[in-house]
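Pasted below: protein_39.txt, compact mmCIF, C-alpha atoms.
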```
# COMPACT_ATOMS: atom_id res chain seq x y z
CA MET A 131 242.67 -120.57 9.78
CA ALA A 132 241.44 -117.43 11.49
CA GLU A 133 239.87 -116.00 8.36
CA GLN A 134 237.86 -119.18 7.77
CA GLU A 135 236.51 -119.07 11.30
CA GLU A 136 235.62 -115.43 10.98
CA LEU A 137 233.68 -116.12 7.77
CA ALA A 138 231.89 -119.07 9.39
CA ARG A 139 230.90 -116.88 12.33
CA LEU A 140 229.63 -114.14 10.01
CA LEU A 141 227.63 -116.61 7.97
CA GLN A 142 226.03 -118.06 11.09
CA ALA A 143 225.02 -114.60 12.25
CA THR A 144 223.67 -113.87 8.78
CA ALA A 145 221.50 -116.97 9.03
CA ARG A 146 220.01 -115.44 12.19
CA GLY A 147 219.21 -112.25 10.30
CA ASP A 148 222.14 -110.15 11.50
CA ARG A 149 222.53 -107.49 8.80
CA GLN A 150 225.83 -106.16 10.11
CA ALA A 151 227.38 -109.58 9.86
CA PHE A 152 225.95 -109.92 6.37
CA ALA A 153 227.53 -106.60 5.34
CA ARG A 154 230.89 -107.65 6.76
CA LEU A 155 230.70 -111.01 4.99
CA TYR A 156 230.12 -109.14 1.73
CA GLU A 157 232.98 -106.76 2.41
CA LEU A 158 235.42 -109.60 3.04
CA THR A 159 234.44 -111.92 0.20
CA ALA A 160 232.83 -109.90 -2.61
CA PRO A 161 236.08 -108.63 -4.22
CA LYS A 162 237.50 -112.17 -4.40
CA LEU A 163 234.26 -113.55 -5.76
CA LEU A 164 233.95 -110.79 -8.33
CA GLY A 165 237.52 -111.45 -9.47
CA ALA A 166 236.61 -115.05 -10.28
CA GLY A 167 233.26 -114.01 -11.75
CA VAL A 168 234.84 -111.52 -14.15
CA HIS A 169 237.19 -114.22 -15.43
CA MET A 170 234.28 -116.44 -16.28
CA LEU A 171 231.77 -113.94 -17.55
CA LYS A 172 234.23 -111.53 -19.19
CA ARG A 173 231.94 -108.59 -18.61
CA ARG A 174 231.99 -106.76 -15.35
CA GLU A 175 228.28 -105.91 -15.40
CA LEU A 176 227.32 -109.54 -15.85
CA ALA A 177 229.70 -110.63 -13.11
CA GLU A 178 228.27 -107.97 -10.80
CA ASP A 179 224.74 -109.17 -11.57
CA VAL A 180 225.76 -112.67 -10.59
CA LEU A 181 227.45 -111.39 -7.42
CA GLN A 182 224.23 -109.60 -6.53
CA ASP A 183 222.15 -112.74 -7.10
CA LEU A 184 224.66 -114.70 -5.05
CA PHE A 185 224.36 -112.44 -2.00
CA VAL A 186 220.57 -112.26 -2.18
CA LYS A 187 220.68 -116.04 -2.11
CA VAL A 188 223.13 -116.07 0.77
CA TRP A 189 220.86 -113.80 2.83
CA HIS A 190 217.95 -116.18 2.45
CA ARG A 191 219.85 -119.45 2.54
CA ALA A 192 222.75 -118.84 4.88
CA SER A 193 221.49 -121.66 7.07
CA ASP A 194 221.88 -124.13 4.18
CA TYR A 195 225.64 -124.00 4.52
CA GLN A 196 227.22 -127.07 6.02
CA ALA A 197 230.83 -127.91 6.68
CA GLU A 198 230.66 -130.68 4.10
CA ARG A 199 230.61 -128.01 1.41
CA GLY A 200 234.12 -126.90 2.45
CA GLY A 201 235.06 -123.52 3.85
CA VAL A 202 232.59 -120.65 3.59
CA LEU A 203 234.57 -119.02 0.78
CA THR A 204 234.67 -122.29 -1.17
CA TRP A 205 230.91 -122.60 -0.72
CA LEU A 206 230.40 -119.06 -1.99
CA TYR A 207 232.63 -119.75 -5.00
CA ALA A 208 230.58 -122.88 -5.68
CA ILE A 209 227.21 -121.13 -5.66
CA GLN A 210 228.58 -118.28 -7.73
CA ARG A 211 230.03 -120.76 -10.18
CA TYR A 212 226.62 -122.36 -10.80
CA LEU A 213 224.94 -118.99 -11.19
CA ALA A 214 227.69 -117.84 -13.55
CA LEU A 215 227.50 -121.02 -15.62
CA ASP A 216 223.75 -120.54 -16.05
CA LYS A 217 224.29 -116.93 -17.04
CA LEU A 218 227.08 -117.83 -19.45
CA ARG A 219 225.03 -120.46 -21.18
CA SER A 220 222.13 -118.08 -21.62
CA GLN A 221 224.38 -115.22 -22.80
CA ARG A 222 226.91 -116.97 -24.93
CA PRO A 223 225.43 -116.55 -28.45
CA THR A 224 225.62 -112.76 -28.27
CA GLN A 225 228.72 -112.69 -26.16
CA GLU A 226 230.89 -114.10 -28.95
CA LEU A 227 230.56 -110.75 -30.74
CA ASP A 228 232.09 -108.83 -27.93
CA GLU A 229 235.58 -108.84 -29.46
CA GLU A 230 236.97 -105.96 -27.52
CA VAL A 231 236.14 -107.51 -24.20
CA SER A 232 237.48 -110.90 -25.12
CA ASN A 233 240.74 -109.27 -26.18
CA THR A 234 241.16 -107.44 -22.94
CA LEU A 235 240.54 -110.61 -21.01
CA ALA A 236 242.04 -113.12 -23.40
CA PHE A 237 243.82 -115.45 -21.10
CA GLU A 238 243.56 -118.98 -19.94
CA GLY A 239 243.25 -118.42 -16.27
CA PRO A 240 245.61 -116.49 -14.06
CA ASP A 241 249.17 -117.63 -13.74
CA PRO A 242 249.21 -119.49 -10.44
CA SER A 243 252.89 -118.91 -9.90
CA THR A 244 252.31 -115.17 -9.58
CA MET A 245 249.42 -115.51 -7.15
CA ALA A 246 249.66 -115.85 -3.43
CA MET A 247 247.56 -118.85 -2.56
CA ASN A 248 245.30 -118.06 0.31
CA SER A 249 244.51 -121.57 1.30
CA ASP A 250 246.41 -124.81 1.51
CA MET A 251 243.79 -126.45 -0.64
CA ALA A 252 244.29 -123.94 -3.45
CA ALA A 253 248.02 -124.51 -3.34
CA ARG A 254 247.49 -128.27 -3.44
CA VAL A 255 245.15 -128.12 -6.42
CA HIS A 256 247.65 -126.00 -8.31
CA ARG A 257 250.46 -128.40 -7.52
CA CYS A 258 248.29 -131.25 -8.73
CA LEU A 259 247.37 -129.41 -11.93
CA ASP A 260 251.06 -129.50 -12.73
CA THR A 261 250.96 -133.29 -12.81
CA LEU A 262 248.53 -133.21 -15.76
CA THR A 263 249.72 -133.30 -19.34
CA ASP A 264 249.77 -129.89 -21.04
CA THR A 265 246.67 -130.58 -23.10
CA GLN A 266 244.76 -131.93 -20.11
CA ARG A 267 245.72 -128.98 -17.96
CA ARG A 268 244.85 -126.52 -20.69
CA SER A 269 241.38 -127.96 -21.24
CA VAL A 270 240.59 -128.28 -17.53
CA THR A 271 241.71 -124.73 -16.72
CA LEU A 272 239.90 -123.28 -19.73
CA ALA A 273 236.73 -125.01 -18.62
CA PHE A 274 237.26 -123.87 -15.04
CA PHE A 275 238.24 -120.24 -15.50
CA GLU A 276 236.25 -119.43 -18.61
CA GLY A 277 233.39 -121.86 -18.18
CA LEU A 278 233.82 -123.32 -21.68
CA THR A 279 231.69 -126.28 -22.76
CA HIS A 280 233.09 -129.28 -24.61
CA THR A 281 231.94 -127.79 -27.89
CA GLU A 282 233.49 -124.43 -27.14
CA LEU A 283 236.70 -126.18 -26.20
CA THR A 284 236.82 -127.93 -29.59
CA GLN A 285 236.76 -124.49 -31.25
CA ARG A 286 239.31 -122.98 -28.93
CA LEU A 287 241.71 -125.93 -29.07
CA GLN A 288 240.99 -126.91 -32.68
CA MET A 289 240.56 -130.52 -31.75
CA PRO A 290 237.70 -132.98 -32.29
CA LEU A 291 235.03 -133.42 -29.62
CA GLY A 292 236.11 -136.93 -28.62
CA THR A 293 239.66 -135.79 -27.98
CA VAL A 294 238.58 -132.80 -25.89
CA LYS A 295 236.19 -134.91 -23.83
CA SER A 296 238.89 -137.43 -23.13
CA TRP A 297 241.41 -134.73 -22.11
CA ILE A 298 238.90 -133.39 -19.61
CA ARG A 299 238.00 -136.81 -18.30
CA ARG A 300 241.59 -137.97 -17.92
CA GLY A 301 242.63 -134.58 -16.57
CA LEU A 302 240.05 -134.79 -13.81
CA LEU A 303 241.01 -138.37 -13.03
CA SER A 304 244.69 -137.46 -12.66
CA LEU A 305 243.76 -134.48 -10.54
CA GLN A 306 241.71 -136.71 -8.29
CA LYS A 307 244.53 -139.24 -7.94
CA CYS A 308 247.04 -136.54 -7.07
CA LEU A 309 244.74 -134.90 -4.52
CA GLU A 310 244.09 -138.21 -2.81
CA GLN A 311 247.79 -138.70 -2.06
CA MET B 106 220.33 -147.84 -12.21
CA ARG B 107 223.44 -146.99 -14.20
CA TYR B 108 224.13 -144.15 -11.79
CA SER B 109 224.99 -146.67 -9.11
CA ASN B 110 228.40 -146.99 -10.75
CA PRO B 111 230.63 -145.01 -8.36
CA GLN B 112 233.18 -144.08 -11.02
CA LEU B 113 230.44 -142.66 -13.20
CA VAL B 114 229.06 -140.68 -10.28
CA GLN B 115 232.51 -139.24 -9.64
CA ARG B 116 233.01 -138.32 -13.28
CA LEU B 117 229.60 -136.69 -13.65
CA ALA B 118 230.01 -134.84 -10.36
CA ALA B 119 233.41 -133.51 -11.47
CA GLU B 120 232.05 -132.36 -14.83
CA TYR B 121 229.01 -130.87 -13.15
CA VAL B 122 231.20 -128.69 -10.93
CA LEU B 123 233.55 -127.88 -13.81
CA GLY B 124 230.56 -126.99 -15.98
CA THR B 125 231.31 -129.30 -18.90
CA LEU B 126 228.20 -131.33 -18.09
CA THR B 127 225.67 -129.28 -20.01
CA GLY B 128 222.10 -129.08 -21.24
CA ARG B 129 219.76 -131.93 -20.53
CA ALA B 130 222.44 -134.10 -19.00
CA ARG B 131 223.10 -131.31 -16.48
CA ARG B 132 219.41 -130.96 -15.60
CA ARG B 133 219.05 -134.71 -15.27
CA PHE B 134 222.05 -134.82 -12.97
CA GLU B 135 220.59 -132.01 -10.84
CA ARG B 136 217.39 -133.98 -10.35
CA TRP B 137 219.44 -136.92 -9.36
CA MET B 138 221.39 -134.83 -6.86
CA THR B 139 218.13 -133.84 -5.20
CA ASP B 140 217.23 -137.48 -4.75
CA SER B 141 220.53 -138.87 -3.61
CA TYR B 142 222.76 -137.83 -0.77
CA HIS B 143 225.46 -140.01 -2.27
CA VAL B 144 225.43 -137.92 -5.46
CA ARG B 145 225.30 -134.59 -3.60
CA SER B 146 228.20 -135.71 -1.51
CA ALA B 147 230.25 -136.47 -4.65
CA VAL B 148 229.45 -132.98 -5.96
CA TRP B 149 230.52 -131.38 -2.69
CA HIS B 150 233.72 -133.37 -2.82
CA TRP B 151 234.52 -131.84 -6.20
CA GLU B 152 233.42 -128.39 -5.11
CA ARG B 153 235.97 -128.60 -2.30
CA GLN B 154 238.65 -129.79 -4.72
CA LEU B 155 238.10 -127.48 -7.66
CA ASN B 156 236.69 -124.23 -6.32
CA PRO B 157 239.77 -123.20 -4.32
CA LEU B 158 241.33 -122.69 -7.78
CA ALA B 159 239.16 -119.59 -8.06
CA GLU B 160 241.32 -117.94 -5.42
CA ALA B 161 243.98 -117.48 -8.09
CA ALA B 162 241.88 -114.78 -9.72
CA ALA B 163 242.87 -111.28 -8.67
CA SER B 164 240.28 -109.42 -6.61
CA VAL B 165 238.01 -106.91 -8.29
CA GLN B 166 236.25 -104.36 -6.10
CA PRO B 167 232.51 -104.37 -6.86
CA ARG B 168 230.92 -100.99 -7.56
CA SER B 169 228.76 -99.63 -4.78
CA HIS B 170 225.45 -100.14 -6.56
CA VAL B 171 225.88 -103.92 -6.28
CA TRP B 172 225.60 -103.86 -2.50
CA GLU B 173 222.80 -101.29 -2.65
CA ARG B 174 220.82 -103.61 -4.89
CA VAL B 175 221.51 -106.55 -2.55
CA LEU B 176 220.15 -104.52 0.35
CA GLU B 177 217.12 -103.57 -1.63
CA ARG B 178 216.43 -107.12 -2.74
CA THR B 179 216.86 -108.55 0.74
CA GLY B 180 214.25 -106.24 2.20
CA ALA B 181 216.40 -103.61 3.92
CA ALA B 182 215.20 -100.97 1.51
CA ALA B 183 211.75 -102.49 1.03
CA ALA B 184 209.93 -99.87 3.05
CA ALA B 185 211.56 -97.03 1.15
CA ARG B 186 210.73 -98.69 -2.12
CA ALA B 187 207.11 -99.17 -1.14
CA GLU B 188 206.78 -95.45 -0.57
CA GLN B 189 208.10 -94.71 -4.02
CA GLU B 190 205.67 -97.15 -5.54
CA THR B 191 202.49 -95.88 -3.98
CA SER B 192 201.02 -95.53 -7.45
CA ARG B 193 200.92 -99.29 -7.68
CA VAL B 194 198.67 -101.06 -5.21
CA PRO B 195 200.75 -103.79 -3.58
CA TRP B 196 199.42 -107.30 -3.10
CA PHE B 197 198.94 -107.03 0.62
CA GLU B 198 196.47 -104.19 0.21
CA ARG B 199 194.56 -105.94 -2.49
CA LEU B 200 193.91 -108.83 -0.14
CA GLY B 201 191.55 -106.83 2.04
CA LEU B 202 193.57 -108.22 4.82
CA TRP B 203 191.49 -107.82 7.89
CA ARG B 204 188.09 -107.95 6.27
CA GLY B 205 187.39 -111.57 7.05
CA LEU B 206 189.29 -111.95 10.26
CA SER B 207 187.05 -113.26 13.00
CA LEU B 208 188.00 -111.89 16.37
CA VAL B 209 185.75 -114.36 18.15
CA ALA B 210 187.53 -117.29 16.60
CA THR B 211 190.89 -116.04 17.73
CA ALA B 212 189.87 -115.21 21.28
CA ALA B 213 190.57 -118.68 22.60
CA ALA B 214 193.89 -118.71 20.88
CA VAL B 215 194.81 -115.36 22.39
CA VAL B 216 194.20 -116.71 25.86
CA LEU B 217 196.37 -119.67 25.01
CA ALA B 218 199.06 -117.40 23.69
CA VAL B 219 199.15 -115.28 26.81
CA LEU B 220 199.26 -118.37 29.00
CA LEU B 221 202.04 -119.88 26.97
CA ALA B 222 203.94 -116.63 26.81
CA ARG B 223 204.00 -116.11 30.56
CA THR B 224 206.61 -118.56 31.51
CA PRO B 225 207.36 -118.89 35.24
CA THR B 226 210.75 -117.21 34.97
CA GLU B 227 209.16 -114.04 33.78
CA VAL B 228 208.28 -111.85 36.73
CA VAL B 229 206.89 -108.70 35.20
CA ALA B 230 206.96 -106.97 31.86
CA PRO B 231 205.90 -103.48 32.85
CA GLN B 232 206.16 -101.52 29.61
CA ALA B 233 204.57 -103.57 26.88
CA GLN B 234 207.64 -104.51 24.95
CA GLN B 235 206.46 -108.02 24.30
CA PHE B 236 204.15 -109.13 21.61
CA VAL B 237 202.45 -112.40 20.88
CA SER B 238 200.57 -113.65 17.95
CA VAL B 239 198.87 -116.92 17.21
CA VAL B 240 198.60 -117.98 13.63
CA ASN B 241 195.50 -120.10 13.19
CA GLY B 242 194.57 -122.65 10.56
CA GLU B 243 191.33 -122.89 8.64
CA GLN B 244 189.47 -124.47 11.56
CA SER B 245 190.86 -121.86 13.94
CA GLN B 246 193.27 -124.42 15.29
CA PRO B 247 196.49 -122.73 16.40
CA LEU B 248 199.43 -123.52 14.13
CA TRP B 249 202.18 -121.23 15.33
CA LEU B 250 202.83 -119.20 18.41
CA VAL B 251 204.99 -116.17 17.74
CA ARG B 252 206.60 -114.17 20.51
CA ALA B 253 208.65 -111.07 20.09
CA ASP B 254 210.54 -109.42 22.89
CA VAL B 255 211.69 -105.99 21.81
CA GLN B 256 213.81 -105.32 24.88
CA GLN B 257 215.66 -108.61 24.66
CA GLY B 258 215.64 -108.45 20.89
CA ARG B 259 214.43 -112.02 20.62
CA LEU B 260 211.93 -113.63 18.34
CA THR B 261 210.65 -117.08 19.20
CA ILE B 262 208.35 -119.06 16.99
CA LYS B 263 206.88 -122.32 18.13
CA SER B 264 205.11 -124.66 15.80
CA ILE B 265 202.07 -126.08 17.56
CA ASN B 266 200.31 -128.08 14.92
CA ALA B 267 201.82 -126.89 11.69
CA THR B 268 202.43 -129.52 9.08
CA ALA B 269 205.35 -129.04 6.72
CA PRO B 270 204.57 -127.90 3.17
CA ALA B 271 205.87 -129.88 0.18
CA ALA B 272 209.64 -130.33 0.17
CA THR B 273 209.96 -127.67 -2.50
CA ASN B 274 208.29 -125.04 -0.30
CA SER B 275 208.75 -123.23 2.97
CA TYR B 276 206.37 -121.12 5.04
CA GLU B 277 207.69 -117.62 5.59
CA LEU B 278 206.44 -115.19 8.22
CA TRP B 279 205.97 -111.51 7.44
CA ILE B 280 205.28 -108.48 9.51
CA LEU B 281 202.84 -106.08 7.88
CA PRO B 282 203.96 -102.61 8.93
CA ALA B 283 201.50 -99.81 9.59
CA GLY B 284 200.46 -97.63 6.70
CA GLY B 285 200.56 -100.43 4.16
CA ALA B 286 204.34 -100.42 3.79
CA ALA B 287 205.90 -103.50 2.22
CA PRO B 288 205.94 -106.65 4.38
CA ARG B 289 209.20 -107.47 6.12
CA SER B 290 210.38 -111.01 6.59
CA LEU B 291 210.57 -112.48 10.08
CA GLY B 292 212.11 -115.64 8.72
CA LEU B 293 211.02 -119.16 7.94
CA LEU B 294 208.48 -120.95 10.07
CA PRO B 295 209.29 -124.21 11.82
CA THR B 296 206.89 -127.14 11.48
CA GLY B 297 205.95 -130.20 13.52
CA THR B 298 206.99 -129.60 17.09
CA ALA B 299 210.01 -127.50 16.24
CA ALA B 300 210.68 -124.02 17.50
CA VAL B 301 213.05 -121.28 16.46
CA ASP B 302 214.67 -118.72 18.69
CA ALA B 303 216.26 -115.96 16.70
CA GLU B 304 217.45 -112.43 17.02
CA LEU B 305 214.69 -109.96 16.27
CA PRO B 306 216.30 -107.73 13.62
CA VAL B 307 216.88 -104.26 15.03
CA GLU B 308 215.13 -102.51 12.16
CA LEU B 309 211.95 -104.53 12.70
CA ARG B 310 211.64 -103.84 16.42
CA PRO B 311 209.98 -100.42 16.12
CA LEU B 312 207.45 -101.79 13.64
CA LEU B 313 205.77 -104.23 15.99
CA ALA B 314 203.68 -101.93 18.15
CA SER B 315 201.92 -100.34 15.21
CA ALA B 316 201.94 -103.25 12.76
CA GLN B 317 198.73 -104.36 11.08
CA GLY B 318 199.51 -107.97 11.80
CA LEU B 319 201.43 -110.95 10.56
CA ALA B 320 201.05 -112.93 7.37
CA VAL B 321 202.35 -116.32 6.32
CA SER B 322 203.16 -116.93 2.69
CA LEU B 323 204.08 -120.10 0.86
CA GLU B 324 207.51 -119.61 -0.67
CA PRO B 325 210.05 -121.73 -2.51
CA ALA B 326 212.11 -123.89 -0.16
CA GLY B 327 214.50 -121.68 1.77
CA GLY B 328 212.28 -118.65 1.56
CA SER B 329 211.44 -115.85 -0.82
CA PRO B 330 214.31 -115.30 -3.24
CA THR B 331 213.48 -111.61 -3.58
CA GLY B 332 213.03 -110.40 -0.01
CA ALA B 333 209.35 -109.73 -0.66
CA PRO B 334 206.55 -112.30 -0.53
CA THR B 335 206.34 -114.14 -3.85
CA GLY B 336 203.88 -116.92 -3.01
CA PRO B 337 200.26 -116.94 -1.88
CA VAL B 338 199.39 -115.66 1.59
CA VAL B 339 198.01 -118.66 3.40
CA TYR B 340 197.44 -117.34 6.94
CA GLN B 341 197.11 -114.06 8.72
CA ALA B 342 197.18 -113.15 12.40
CA ALA B 343 196.81 -110.18 14.68
CA ILE B 344 199.62 -109.01 16.97
CA LEU B 345 198.88 -108.42 20.64
CA SER B 346 200.99 -106.57 23.09
CA ILE B 347 201.22 -108.23 26.51
```

Take the structure in the file and give it back as structure tokens.
Amino acid sequence: MAEQEELARLLQATARGDRQAFARLYELTAPKLLGAGVHMLKRRELAEDVLQDLFVKVWHRASDYQAERGGVLTWLYAIQRYLALDKLRSQRPTQELDEEVSNTLAFEGPDPSTMAMNSDMAARVHRCLDTLTDTQRRSVTLAFFEGLTHTELTQRLQMPLGTVKSWIRRGLLSLQKCLEQ
Amino acid sequence: MRYSNPQLVQRLAAEYVLGTLTGRARRRFERWMTDSYHVRSAVWHWERQLNPLAEAAASVQPRSHVWERVLERTGAAAAARAEQETSRVPWFERLGLWRGLSLVATAAAVVLAVLLARTPTEVVAPQAQQFVSVVNGEQSQPLWLVRADVQQGRLTIKSINATAPAATNSYELWILPAGGAAPRSLGLLPTGTAAVDAELPVELRPLLASAQGLAVSLEPAGGSPTGAPTGPVVYQAAILSI
């Protein structure tokens, strides 16, 4: 895909210290990344902080990228995800109070059917999510898009810990099986 | 080790990427990732599978201050910032940088540098647009040879005798601009017999002729996370125009 190649080229140039390429990489990917970040962190400022940390990291570690991590965008999502999870876990106790924000963003992940999937892989994962049972899909997508822990899932889904853990585990297993086909 | 169970590795890797592996179990798994390619590879597998889901989120345009902060933190605005912070004495002035530098000790290295720098293909370099620097170790043994060609816009760094730092660290090279402005990164230093050939960033080119010298700091692996030196300065070197 042309876009993938363009991103790979920009990242390579960034690794060599090319600031123009770095700026272009930001321009092309930051809005997508922030979209995902806002879903997880619920607050724009927090998501923007994470985005900032992500790109500072990218500037210094662009050469760490390897094809085994997937496309450049997937790699960026991955690093952002880890940064966001850390931020979430350190913020969560106070974040629960932010009712207004959680109302405006109360959702369980975007509705895939209304989204144009940019990559084949994304489309495949969504198709495979459909093969999960409703409860499995709900717990996996809640964990993915909102970064909920097992404990937080028990509150949200009103189910005991053991049940939630098993939904996640089985959900991931089914996903894996479907993706392998 | 119980982690040798491939199904368990897959499950933990999936939950690590998803984020439902938390707390101490998460930290333990991270340590294990560092040690094992097999485990990292399982994590990458799940990153490739799960993270494309994030594309379903609608784009949100970041506000302009985000990029401005990125620029600042990656060193592009470092010089400007240093000027604003003249009230605080930065680390590189506190070091008394050139106080202890022995010119005699570096003389031999300079000769070596010039000899090494003049490769046969190079006919003449009339206007001094090339700079060399030899970074010496404690016993004045040369560790790195640094060459910058402003006209070609190239920066080459050759490790002569440099041994790698601990796996959790990298050596990072800094240019110390004139007037005590904040150091600017020239990138990570190779070790062993490795060399790097990189583009000399455009904004650093005019700094070379007047720079105070170069410094090497010990940073976390992959380099300073802030764009400014964070670790101790372990070596310093003068820059010579040739």

With 8 Å as the limit and counting only C-alpha atoms, what residues in chain B lie close to chain A? Please list them as a PyMOL selection string. chain B and resi 116+119+122-127+146+149-150+152-167+171-172+174-175+178-179+303-306+327-332

I need the residues from that last selection saved to file as a compact mmCIF listing (two decimals), in the frame of the given file (with C-alpha atoms), if you can.
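Ended up saving to again.txt:
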```txt
# COMPACT_ATOMS: atom_id res chain seq x y z
CA ARG B 116 233.01 -138.32 -13.28
CA ALA B 119 233.41 -133.51 -11.47
CA VAL B 122 231.20 -128.69 -10.93
CA LEU B 123 233.55 -127.88 -13.81
CA GLY B 124 230.56 -126.99 -15.98
CA THR B 125 231.31 -129.30 -18.90
CA LEU B 126 228.20 -131.33 -18.09
CA THR B 127 225.67 -129.28 -20.01
CA SER B 146 228.20 -135.71 -1.51
CA TRP B 149 230.52 -131.38 -2.69
CA HIS B 150 233.72 -133.37 -2.82
CA GLU B 152 233.42 -128.39 -5.11
CA ARG B 153 235.97 -128.60 -2.30
CA GLN B 154 238.65 -129.79 -4.72
CA LEU B 155 238.10 -127.48 -7.66
CA ASN B 156 236.69 -124.23 -6.32
CA PRO B 157 239.77 -123.20 -4.32
CA LEU B 158 241.33 -122.69 -7.78
CA ALA B 159 239.16 -119.59 -8.06
CA GLU B 160 241.32 -117.94 -5.42
CA ALA B 161 243.98 -117.48 -8.09
CA ALA B 162 241.88 -114.78 -9.72
CA ALA B 163 242.87 -111.28 -8.67
CA SER B 164 240.28 -109.42 -6.61
CA VAL B 165 238.01 -106.91 -8.29
CA GLN B 166 236.25 -104.36 -6.10
CA PRO B 167 232.51 -104.37 -6.86
CA VAL B 171 225.88 -103.92 -6.28
CA TRP B 172 225.60 -103.86 -2.50
CA ARG B 174 220.82 -103.61 -4.89
CA VAL B 175 221.51 -106.55 -2.55
CA ARG B 178 216.43 -107.12 -2.74
CA THR B 179 216.86 -108.55 0.74
CA ALA B 303 216.26 -115.96 16.70
CA GLU B 304 217.45 -112.43 17.02
CA LEU B 305 214.69 -109.96 16.27
CA PRO B 306 216.30 -107.73 13.62
CA GLY B 327 214.50 -121.68 1.77
CA GLY B 328 212.28 -118.65 1.56
CA SER B 329 211.44 -115.85 -0.82
CA PRO B 330 214.31 -115.30 -3.24
CA THR B 331 213.48 -111.61 -3.58
CA GLY B 332 213.03 -110.40 -0.01
```

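Residues lying within 6 Å of stretch 285-299 of chain B, counting only C-alpha atoms and ignoring same-chain neighbours fewer than 5 positions away, are Ala184, Ala187, Ser264, Ala267, Thr268, Ala269, Tyr276, Glu277, Leu278, Trp279 and Ile280 of chain B.
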
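Counting all atoms listed in the file and comparing B:Leu117, B:Val255, B:Ala326, B:Val144, the residue that lies closest to B:Ile347 is B:Val255.
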
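When all atoms listed in the file are used to compute distances to A:Arg173, the closest of the residues A:Leu218, A:Leu262, A:Met289, A:Val294 turns out to be A:Leu218.
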
I'd like the interatomic distance between atom CA of B:Gln115 and atom CA of B:Ala147, to a tenth of an Å. 6.1 Å

What's around stretch 235-238 of chain B at 7 Å? Count only C-alpha atoms, leave out sequence neighbours fewer than 5 positions away in its own chain, and write the answer as number ranges by chain. B: 218, 250-255, 342-347

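The two atoms in question, atom CA of B:Glu243 and atom CA of B:Thr261, are spaced 22.8 Å apart.
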
To one decimal place, how far is atom CA of B:Pro282 from atom CA of B:Gly318 in Å? 7.5 Å

Which residues, protein or nucleic acid, reach to within 9 Å of (241.4, -130.0, -27.2) in the file's coordinates when using all atoms listed in the file, and can you give that as a ChimeraX atom specification? /A:265-266,268-269,280,283-298

Just need the box for stretch 144-161 of chain A, edges along x, y and z, holding every atom the file lists for it with 8 Å tacked onto each side, so centre and edge lengths in Å to one decimal, as JSON.
```
{"center_x": 227.6, "center_y": -111.6, "center_z": 4.0, "size_x": 32.9, "size_y": 26.8, "size_z": 32.4}
```

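Restricting the calculation to all atoms listed in the file, the smallest distance between B:Ile262 and any of B:Gln246, B:Arg145, B:Ala300, B:Leu281 is found for B:Ala300.
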